[in-house]
Amino acid sequence: MPTRNRSGRWLSILCLLIVLAFATVIAVGMFNMRNRLTAEALDQAQKKWRDSGPADYTLTYTIERRGTTGPDRYVVKVRNKRAVEATVNGLPEPADRLVYYGMNALFKYIQDFQDLDGKGKDKAKDDSALTRASFDDQTGALVWYSRRKLGSDEHVDLTVESLTPEKGE
């Protein structure tokens with residue numbers, strides 16, 4: 001009789017573990033769906049940024065791509081809504097590349113990925129890439145962005161470390 005009771009306990013524990021595993025999968029799926037980036041959410045954040053974002057600021061962010069040695073760190077000074085200075089991993093960027101930096105450039109970066117994935121405006125939705133993002137409630141500024149191409153090693157994470165409003169120079 002003791003072996004029967006013992007095996008019944010193990011069966012109960014195994015069933016509980018299976019239920020907990022399914023609950024975890026469902027919770028992670030719900031989190032990913034809630035934060036999934038849509039064209040509408042990106043447009044709304046860009047509009048809020050245009051209306052409420054500062055014209056002069058210093059932006060520090062990292063972009064990490066799977067398969068690289070580590071994240072690239074960007075520090076960008078923006079005056080009158082245009083990048084006037086940028087460094088990548090501590091090295092200054094030439095003046096002709098400054099158009100690729102700043103919050104507006106980050107929005108374009110994300111929009112380009114959305115278009116690539118067919119999730120931009122007026123395009124059929126393609127679920128082969130999972131894109132998630134978070135934006136500041138007050139200014140619409142990007143807080144973080146993640147894109148994972150399903151079925152491949154393609155993976156990009158962008159994290160804004162700081163956005164400091166400055167007085168114009």
# chains A, B, ... in the order shown; residues from 1 in each chain; ligands from 1
call {"tool": "select_by_dssp", "arguments": {"residues": "chain A", "states": "alpha helix (DSSP H)", "output": "ChimeraX atom specification"}}
result
/A:2-34,39-52,103-116
call {"tool": "residues_around", "arguments": {"residues": "range 145-149 of chain A", "least_positions_apart": "3", "cutoff": "7 Å", "atoms": "only C-alpha atoms", "output": "JSON, numbers by chain"}}
result
{"A": [128, 129, 130, 131, 132, 133, 134, 152, 154, 155, 156, 157, 158, 159]}
call {"tool": "write_last_selection", "arguments": {"atoms": "N, CA and C atoms", "output": "short mmCIF file (atom, residue, chain, number, x, y, z; two decimals), in the first residue's frame"}}
result
data_model
loop_
_atom_site.label_atom_id
_atom_site.label_comp_id
_atom_site.auth_asym_id
_atom_site.auth_seq_id
_atom_site.Cartn_x
_atom_site.Cartn_y
_atom_site.Cartn_z
N SER A 128 6.21 36.68 -39.10
CA SER A 128 7.49 35.99 -39.02
C SER A 128 8.49 36.73 -38.14
N ALA A 129 8.15 37.94 -37.70
CA ALA A 129 9.01 38.69 -36.79
C ALA A 129 8.18 39.18 -35.61
N LEU A 130 8.72 39.03 -34.42
CA LEU A 130 8.08 39.53 -33.21
C LEU A 130 8.74 40.85 -32.86
N THR A 131 7.98 41.93 -32.92
CA THR A 131 8.50 43.24 -32.55
C THR A 131 7.73 43.76 -31.37
N ARG A 132 8.47 44.25 -30.39
CA ARG A 132 7.86 44.82 -29.19
C ARG A 132 8.56 46.13 -28.90
N ALA A 133 7.83 47.05 -28.28
CA ALA A 133 8.42 48.34 -27.94
C ALA A 133 7.68 48.97 -26.78
N SER A 134 8.35 49.91 -26.16
CA SER A 134 7.75 50.71 -25.10
C SER A 134 8.12 52.16 -25.35
N SER A 152 14.98 32.20 -37.04
CA SER A 152 16.35 32.57 -37.41
C SER A 152 17.06 33.14 -36.19
N GLU A 154 18.28 36.14 -36.20
CA GLU A 154 18.18 37.59 -36.33
C GLU A 154 17.46 38.16 -35.10
N HIS A 155 18.15 39.03 -34.37
CA HIS A 155 17.61 39.56 -33.12
C HIS A 155 18.27 40.90 -32.84
N VAL A 156 17.45 41.94 -32.61
CA VAL A 156 17.95 43.28 -32.31
C VAL A 156 17.26 43.80 -31.06
N ASP A 157 18.03 44.31 -30.13
CA ASP A 157 17.48 44.97 -28.94
C ASP A 157 18.05 46.37 -28.87
N LEU A 158 17.17 47.36 -28.71
CA LEU A 158 17.56 48.75 -28.58
C LEU A 158 17.04 49.25 -27.24
N THR A 159 17.92 49.80 -26.43
CA THR A 159 17.54 50.30 -25.11
C THR A 159 18.01 51.73 -24.93
#
call {"tool": "select_by_dssp", "arguments": {"residues": "range 25-98 of chain A", "states": "strand (DSSP E)", "output": "PyMOL selection string"}}
result
chain A and resi 57-65+72-79+82-88+91-92
call {"tool": "atom_distance", "arguments": {"atom1": "CA of Asp43 in chain A", "atom2": "CA of Gly118 in chain A"}}
result
15.3 Å
call {"tool": "atom_distance", "arguments": {"atom1": "CA of Asp153 in chain A", "atom2": "CA of Gln111 in chain A"}}
result
20.7 Å
